[in-house]
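Source file protein-v8.cif; content: mmCIF, C-alpha atoms.
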data_input
loop_
_atom_site.label_atom_id
_atom_site.label_comp_id
_atom_site.auth_asym_id
_atom_site.auth_seq_id
_atom_site.Cartn_x
_atom_site.Cartn_y
_atom_site.Cartn_z
CA MET A 1 0.00 0.00 0.00
CA ILE A 2 1.38 3.37 -1.04
CA GLY A 3 0.15 6.81 -0.08
CA PRO A 4 0.95 9.95 1.92
CA THR A 5 0.76 9.99 5.69
CA GLY A 6 -2.77 10.18 7.08
CA VAL A 7 -4.78 8.90 4.10
CA GLY A 8 -5.93 5.78 5.97
CA LYS A 9 -3.67 2.93 4.86
CA THR A 10 -3.56 1.41 8.32
CA GLU A 11 -7.27 1.92 8.98
CA ILE A 12 -8.24 0.12 5.77
CA ALA A 13 -6.25 -2.94 6.81
CA ARG A 14 -7.52 -2.76 10.39
CA ARG A 15 -11.18 -2.63 9.32
CA MET A 16 -10.71 -5.50 6.88
CA ALA A 17 -9.30 -7.60 9.73
CA LYS A 18 -12.19 -6.66 12.01
CA ILE A 19 -14.79 -7.60 9.38
CA VAL A 20 -13.40 -11.12 8.94
CA GLY A 21 -12.47 -11.58 12.62
CA ALA A 22 -8.76 -11.91 11.92
CA PRO A 23 -5.98 -11.07 14.40
CA PHE A 24 -4.24 -7.88 13.30
CA ILE A 25 -1.21 -5.93 14.44
CA LYS A 26 0.62 -2.92 13.08
CA VAL A 27 4.38 -2.64 13.42
CA GLU A 28 6.94 -0.14 12.22
CA ALA A 29 9.92 -1.57 10.40
CA THR A 30 12.20 1.08 11.88
CA LYS A 31 11.55 -0.24 15.40
CA PHE A 32 13.28 -3.54 14.65
CA THR A 33 16.99 -4.23 14.78
CA GLU A 34 19.21 -6.95 13.39
CA VAL A 35 19.79 -9.95 15.62
CA GLY A 36 22.76 -9.10 17.83
CA TYR A 37 21.85 -5.44 18.26
CA VAL A 38 19.96 -3.96 21.19
CA GLY A 39 16.25 -3.73 20.36
CA ARG A 40 13.37 -5.87 19.15
CA ASP A 41 14.03 -8.66 16.68
CA VAL A 42 11.67 -9.10 13.74
CA GLU A 43 10.25 -12.37 15.10
CA SER A 44 8.62 -10.38 17.90
CA MET A 45 5.90 -9.20 15.49
CA VAL A 46 4.78 -12.83 15.04
CA ARG A 47 4.76 -13.35 18.80
CA ASP A 48 2.70 -10.17 19.21
CA LEU A 49 0.24 -11.40 16.57
CA VAL A 50 -0.22 -14.69 18.44
CA ASP A 51 -0.89 -12.73 21.65
CA VAL A 52 -3.65 -10.84 19.82
CA ALA A 53 -5.07 -14.12 18.48
CA VAL A 54 -5.12 -15.60 21.99
CA ARG A 55 -7.06 -12.60 23.29
CA LEU A 56 -9.57 -12.88 20.42
CA VAL A 57 -10.17 -16.60 20.99
CA LYS A 58 -10.52 -16.20 24.74
CA GLU A 59 -12.97 -13.33 24.32
CA GLN A 60 -15.10 -15.55 22.07
CA LYS A 61 -14.96 -18.46 24.52
CA LYS A 62 -15.80 -16.19 27.46
CA LEU A 63 -19.05 -15.29 25.73
CA LEU A 64 -20.00 -18.98 25.77
CA VAL A 65 -19.53 -19.26 29.55
CA GLU A 66 -20.68 -15.73 30.36
CA ASP A 67 -23.90 -16.78 32.13
CA GLU A 68 -22.21 -19.43 34.25
CA ALA A 69 -19.37 -17.07 35.18
CA ARG A 70 -21.82 -14.33 36.11
CA GLU A 71 -23.77 -16.75 38.33
CA LYS A 72 -20.57 -17.78 40.11
CA ALA A 73 -19.65 -14.10 40.53
CA ASN A 74 -23.03 -13.36 42.12
CA GLU A 75 -22.61 -16.28 44.51
CA LYS A 76 -19.18 -14.98 45.48
CA LEU A 77 -20.56 -11.46 46.00
CA VAL A 78 -23.28 -12.79 48.30
CA LYS A 79 -20.63 -14.48 50.43
CA LEU A 80 -18.56 -11.29 50.52
CA LEU A 81 -21.56 -9.17 51.51
CA VAL A 82 -22.65 -11.65 54.18
CA PRO A 83 -19.45 -13.36 55.35
CA SER A 84 -19.38 -16.26 57.76
CA MET A 85 -16.67 -17.17 60.24
CA LYS A 86 -13.27 -17.92 58.74
CA LYS A 87 -10.63 -20.44 59.62
CA LYS A 88 -7.08 -20.59 58.37
CA ALA A 89 -6.63 -22.75 55.30
CA ASN A 90 -3.89 -25.34 55.08
CA GLN A 91 -1.05 -23.84 53.09
CA ASN A 92 0.09 -25.81 50.07
CA ASN A 93 3.75 -26.71 50.14
CA ASN A 94 5.54 -24.52 47.63
CA PRO A 95 9.00 -25.77 46.54
CA LEU A 96 10.24 -22.17 46.40
CA GLU A 97 8.91 -21.27 49.86
CA SER A 98 11.97 -22.70 51.59
CA LEU A 99 14.17 -20.63 49.29
CA PHE A 100 12.36 -17.30 49.58
CA GLY A 101 10.50 -17.76 52.86
CA GLY A 102 13.18 -16.17 55.07
CA ALA A 103 13.63 -13.03 52.99
CA MET A 104 9.95 -12.81 52.01
CA PRO A 105 7.72 -13.63 55.00
CA ASN A 106 4.53 -13.37 52.95
CA PHE A 107 5.79 -15.65 50.18
CA GLY A 108 3.21 -18.32 49.38
CA GLN A 109 0.59 -16.78 51.65
CA ASN A 110 -1.91 -16.23 48.85
CA SER A 111 -4.31 -19.02 49.74
CA ASP A 112 -7.76 -17.83 50.71
CA GLU A 113 -9.07 -18.61 54.14
CA GLU A 114 -11.52 -21.49 54.33
CA GLU A 115 -15.11 -20.67 55.15
CA GLU A 116 -16.86 -22.50 57.94
CA ALA A 117 -20.34 -23.93 57.38
CA PRO A 118 -22.82 -21.01 57.47
CA THR A 119 -25.45 -20.92 60.18
CA GLU A 120 -29.18 -20.84 59.43
CA GLU A 121 -29.22 -17.12 60.19
CA ILE A 122 -26.47 -16.46 57.67
CA LYS A 123 -28.20 -18.64 55.07
CA THR A 124 -31.41 -16.63 55.48
CA LYS A 125 -29.54 -13.34 55.26
CA ARG A 126 -27.68 -14.48 52.15
CA SER A 127 -30.93 -15.48 50.49
CA GLU A 128 -32.30 -11.97 51.07
CA ILE A 129 -29.09 -10.31 49.85
CA LYS A 130 -29.01 -12.51 46.73
CA GLN A 131 -32.51 -11.40 45.79
CA GLN A 132 -31.55 -7.74 46.27
CA LEU A 133 -28.41 -8.36 44.23
CA LEU A 134 -30.36 -9.88 41.34
CA ASN A 135 -32.81 -6.96 41.47
CA GLY A 136 -29.94 -4.49 41.08
CA GLN A 137 -30.47 -2.84 44.47
CA LEU A 138 -26.86 -3.21 45.64
CA GLU A 139 -24.94 -2.02 42.58
CA GLU A 140 -23.30 0.90 44.40
CA GLU A 141 -22.60 -1.02 47.62
CA LYS A 142 -18.88 -1.25 48.40
CA VAL A 143 -17.23 -4.65 48.70
CA ARG A 144 -13.62 -5.75 49.22
CA ILE A 145 -12.24 -8.31 46.79
CA LYS A 146 -8.83 -9.84 46.16
CA VAL A 147 -7.45 -9.39 42.66
CA GLU A 148 -4.53 -11.30 41.22
CA GLN A 149 -1.59 -9.14 40.25
CA ASP A 150 0.94 -10.41 37.75
CA PRO A 151 4.61 -10.21 38.73
CA GLY A 152 6.50 -7.25 37.34
CA ALA A 153 8.36 -7.51 34.06
CA MET A 154 12.06 -8.32 34.01
CA GLY A 155 14.09 -5.91 31.96
CA MET A 156 17.68 -6.98 32.36
CA LEU A 157 17.89 -9.40 29.44
CA GLY A 158 17.42 -9.24 25.68
CA THR A 159 13.89 -9.16 24.36
CA ASN A 160 13.45 -12.81 23.39
CA GLN A 161 15.39 -14.18 26.37
CA ASN A 162 13.56 -11.73 28.62
CA GLN A 163 10.16 -12.99 27.46
CA GLN A 164 11.10 -16.64 27.93
CA MET A 165 12.57 -16.02 31.39
CA GLN A 166 9.57 -13.96 32.48
CA ASP A 167 7.12 -16.65 31.31
CA MET A 168 9.04 -19.31 33.22
CA MET A 169 9.16 -17.22 36.42
CA ASN A 170 5.45 -16.40 36.14
CA GLN A 171 4.67 -20.12 36.12
CA LEU A 172 6.89 -20.84 39.13
CA LEU A 173 6.07 -17.88 41.35
CA PRO A 174 2.58 -17.54 42.85
CA LYS A 175 0.57 -14.56 41.74
CA LYS A 176 0.29 -11.85 44.34
CA LYS A 177 -3.22 -10.90 45.42
CA VAL A 178 -4.05 -7.32 46.31
CA GLU A 179 -7.22 -6.27 48.09
CA ARG A 180 -9.40 -3.58 46.55
CA GLU A 181 -12.61 -1.91 47.64
CA VAL A 182 -14.92 -1.44 44.67
CA PRO A 183 -18.66 -1.11 43.96
CA VAL A 184 -20.63 -4.32 43.49
CA LYS A 185 -21.12 -3.69 39.76
CA THR A 186 -17.35 -3.40 39.28
CA ALA A 187 -16.61 -6.39 41.49
CA ARG A 188 -19.06 -8.51 39.48
CA LYS A 189 -17.19 -7.78 36.25
CA ILE A 190 -13.82 -8.59 37.83
CA LEU A 191 -15.03 -11.80 39.44
CA ALA A 192 -16.95 -12.93 36.35
CA ASP A 193 -13.83 -12.44 34.25
CA GLU A 194 -11.77 -14.53 36.68
CA PHE A 195 -14.38 -17.31 36.76
CA ALA A 196 -14.63 -17.25 32.95
CA ASP A 197 -10.86 -17.81 32.75
CA GLU A 198 -11.25 -20.83 35.02
CA LEU A 199 -14.10 -22.25 32.94
CA ILE A 200 -12.17 -21.97 29.67
CA ASP A 201 -9.92 -24.80 28.52
CA GLN A 202 -6.73 -22.75 28.24
CA GLU A 203 -4.77 -25.36 26.29
CA SER A 204 -7.53 -25.71 23.70
CA ALA A 205 -7.89 -21.93 23.44
CA ASN A 206 -4.16 -21.48 22.87
CA GLN A 207 -4.16 -24.13 20.14
CA GLU A 208 -7.11 -22.48 18.40
CA ALA A 209 -5.34 -19.13 18.64
CA ILE A 210 -2.23 -20.53 16.97
CA GLU A 211 -4.32 -21.92 14.11
CA LEU A 212 -6.17 -18.60 13.79
CA ALA A 213 -2.91 -16.66 13.63
CA GLU A 214 -1.44 -19.07 11.07
CA GLN A 215 -4.45 -19.09 8.75
CA MET A 216 -5.89 -15.57 9.12
CA GLY A 217 -3.21 -13.47 10.83
CA ILE A 218 -2.53 -10.02 9.33
CA ILE A 219 0.69 -8.11 9.99
CA PHE A 220 0.82 -4.51 8.79
CA ILE A 221 4.44 -3.41 8.37
CA ASP A 222 4.70 0.37 8.13
CA GLU A 223 7.67 2.56 7.15
CA ILE A 224 9.24 -0.23 5.13
CA ASP A 225 10.82 2.41 2.88
CA LYS A 226 12.98 3.52 5.80
CA VAL A 227 14.80 0.17 5.96
CA ALA A 228 14.74 -0.63 2.22
CA THR A 229 18.09 1.09 1.68
CA ASN A 230 20.86 0.22 -0.75
CA ASN A 231 24.48 -0.58 0.00
CA GLN A 232 25.55 3.05 -0.37
CA ASN A 233 23.79 4.06 2.85
CA SER A 234 25.81 3.29 5.93
CA GLY A 235 26.73 4.75 9.29
CA GLN A 236 23.87 4.96 11.80
CA ASP A 237 21.70 2.64 9.66
CA VAL A 238 24.12 -0.26 10.03
CA SER A 239 21.43 -2.75 11.08
CA ARG A 240 18.82 -1.94 8.42
CA GLN A 241 20.12 -4.41 5.87
CA GLY A 242 20.11 -7.01 8.62
CA VAL A 243 16.44 -6.23 9.30
CA GLN A 244 15.66 -6.78 5.62
CA ARG A 245 17.49 -10.10 5.70
CA ASP A 246 15.66 -11.21 8.87
CA ILE A 247 12.20 -10.24 7.59
CA LEU A 248 12.42 -12.08 4.26
CA PRO A 249 12.35 -15.65 5.70
CA ILE A 250 9.26 -14.74 7.73
CA LEU A 251 7.51 -13.51 4.58
CA GLU A 252 8.43 -16.63 2.65
CA GLY A 253 7.25 -18.88 5.47
CA SER A 254 9.13 -20.00 8.55
CA MET A 255 8.53 -21.52 11.97
CA ILE A 256 8.61 -19.07 14.88
CA GLN A 257 8.79 -20.16 18.50
CA THR A 258 6.30 -18.44 20.84
CA LYS A 259 5.28 -19.05 24.44
CA TYR A 260 2.15 -20.81 23.14
CA GLY A 261 3.99 -23.10 20.75
CA THR A 262 5.57 -23.09 17.30
CA VAL A 263 3.82 -20.93 14.70
CA SER A 264 4.11 -21.09 10.91
CA THR A 265 4.04 -17.82 8.94
CA GLU A 266 3.47 -19.51 5.57
CA HIS A 267 -0.18 -18.44 5.22
CA MET A 268 -0.09 -15.14 7.11
CA LEU A 269 -0.98 -11.96 5.24
CA PHE A 270 1.64 -9.21 5.27
CA TYR A 271 0.87 -5.63 4.29
CA TRP A 272 3.87 -3.57 3.24
CA CYS A 273 3.29 0.13 3.52
CA TRP A 274 5.39 3.15 2.71
CA CYS A 275 4.87 6.86 2.33
CA ILE A 276 5.26 8.93 -0.83
CA PRO A 277 5.79 12.70 -0.65
CA CYS A 278 2.81 14.87 -1.53
CA CYS A 279 3.23 16.70 -4.82
#

Show the structure stored in the file as structure tokens.
Amino acid sequence: MIGPTGVGKTEIARRMAKIVGAPFIKVEATKFTEVGYVGRDVESMVRDLVDVAVRLVKEQKKLLVEDEAREKANEKLVKLLVPSMKKKANQNNNPLESLFGGAMPNFGQNSDEEEEAPTEEIKTKRSEIKQQLLNGQLEEEKVRIKVEQDPGAMGMLGTNQNQQMQDMMNQLLPKKKVEREVPVKTARKILADEFADELIDQESANQEAIELAEQMGIIFIDEIDKVATNNQNSGQDVSRQGVQRDILPILEGSMIQTKYGTVSTEHMLFYWCWCIPCC
């Protein structure tokens, strides 16, 4: 696609992707660097596309379990609004707890407390609160919920190694839970989203996302003219020819390793876009 800046090249491609339900990302060729230089390698655009595909598939699957997740969220809200007595839950043995326990006293203390059997009085009260909740009478009522917080990103390694190391650490380390006080209507959305994630078969969703990215993925590469230089240009653009060399195998079809599995780029659609000066 050729045209001056602002005529809508990106928007045309984005709307086409939305119409057919295809995962779409836009990248700028000038943001990539040759392998061995500091910066993002060209394979990262395929990994980003797969991330978009995973979000699309999970959003579709969440719609299928929306009613069940909402029902579970309402049940959880009723228990939060009318709590019963708590007793300390048995902590699961974490293999890393012995390593980090001394320096991090709260390490592994994310398990919720177990709820004792509710009394008849509490059951009656919960029944009344549930009816009010379903009637929308408690939407502005404040409630405290625990929300999972992902560990912070690690920024000391290269981009690809950084992503792999962060994914591995996220699987090993327990997610930290932070307590927030929010209105019931907000808490319902948060809880329903968490329950929907639990109801979805994550492995199946990831596999579907890989197939979607392989068969219908669209990558819009902008500013390609900035890296399509000849051998006479040198100096600060030393890595641009390397970027060209790294992109070509992806266009022709290659296997890219992502955190969800190996992805083929053979059937992906690539838009090349550059700007021409206005006359």

Which residues would end up in the selection if the PyMOL selection byres ((chain A and resi 43) around 9) were applied here, given that I need the answer as a PyMOL selection string? chain A and resi 40-42+44-48+160+246-247+250+256-257

Suppose a student applies the PyMOL selection byres ((chain A and resi 55-67) around 7) to this structure; what residues should they get, written as a ChimeraX atom specification? /A:51-54,68-71,196,200,205,209

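For the choices A:Lys259, A:Leu81, A:Pro118, A:Asp201, the atom-to-atom distance to Pro183 (chain A) is smallest for A:Leu81 when using all atoms listed in the file.
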
Can you give me, as number ranges by chain, the residues this file yields under the PyMOL selection byres ((chain A and resi 144-148) around 7)? A: 142-143, 149-150, 175-182

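Here CA of Val82 (chain A) is placed at a distance of 11.4 Å from CA of Thr119 (chain A).
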
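Neighbours of region 121-130 of chain A closer than or equal to 10 Å, with only C-alpha atoms counted and sequence neighbours fewer than 5 positions away skipped, come out as Asn74, Glu75, Leu77, Val78, Lys79, Leu80, Leu81, Val82, Pro83, Ser84, Asn135, Gly136, Gln137 and Leu138 of chain A.
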
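CA of Val227 (chain A) to CA of Lys26 (chain A) spans 16.2 Å [interatomic distance, one decimal].
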
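Among A:Glu139, A:Phe32, A:His267, A:Asp222, the residue with the shortest atom-to-atom distance to Lys9 (chain A), counting only C-alpha atoms, is A:Asp222.
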
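Residues within 9 Å of Ile219 (chain A), counting all atoms listed in the file and excluding same-chain residues fewer than 2 positions away, are Pro23, Phe24, Ile25, Lys26, Val27, Met45, Val46, Leu49, Gly217, Ile221, Met268, Leu269, Phe270, Tyr271 and Trp272 of chain A.
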
Computed gap from CA of Trp274 (chain A) to CA of Glu223 (chain A) is 5.0 Å

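Proximity ranking of A:Gly8, A:Asp225, A:Val243, A:Tyr260 relative to Ser204 (chain A) places A:Tyr260 first, based on only C-alpha atoms.
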
Go through A:Glu266, A:Thr10, A:Thr30, A:Met1 and flag the residue nearest Ser254 (chain A), using all atoms listed in the file for the distances. A:Glu266

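When all atoms listed in the file are used to measure the gap to Thr262 (chain A), the shortest distance among A:Leu248, A:Glu214, A:Phe220, A:Lys226 belongs to A:Glu214.
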
Shell of 7 Å around Arg188 (chain A), all atoms listed in the file, local chain residues under 4 positions omitted, as a PyMOL selection string: chain A and resi 73-74+184+192

Keeping only C-alpha atoms, write those residues as a short mmCIF file (atom, residue, chain, number, x, y, z; two decimals), in the frame of the given file.
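Result went into part-v4.cif, see below:
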data_model
loop_
_atom_site.label_atom_id
_atom_site.label_comp_id
_atom_site.auth_asym_id
_atom_site.auth_seq_id
_atom_site.Cartn_x
_atom_site.Cartn_y
_atom_site.Cartn_z
CA ALA A 73 -19.65 -14.10 40.53
CA ASN A 74 -23.03 -13.36 42.12
CA VAL A 184 -20.63 -4.32 43.49
CA ALA A 192 -16.95 -12.93 36.35
#

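When only C-alpha atoms are used to measure the gap to Val50 (chain A), the shortest distance among A:Thr186, A:Gln244, A:Gln131, A:Gln207 belongs to A:Gln207.
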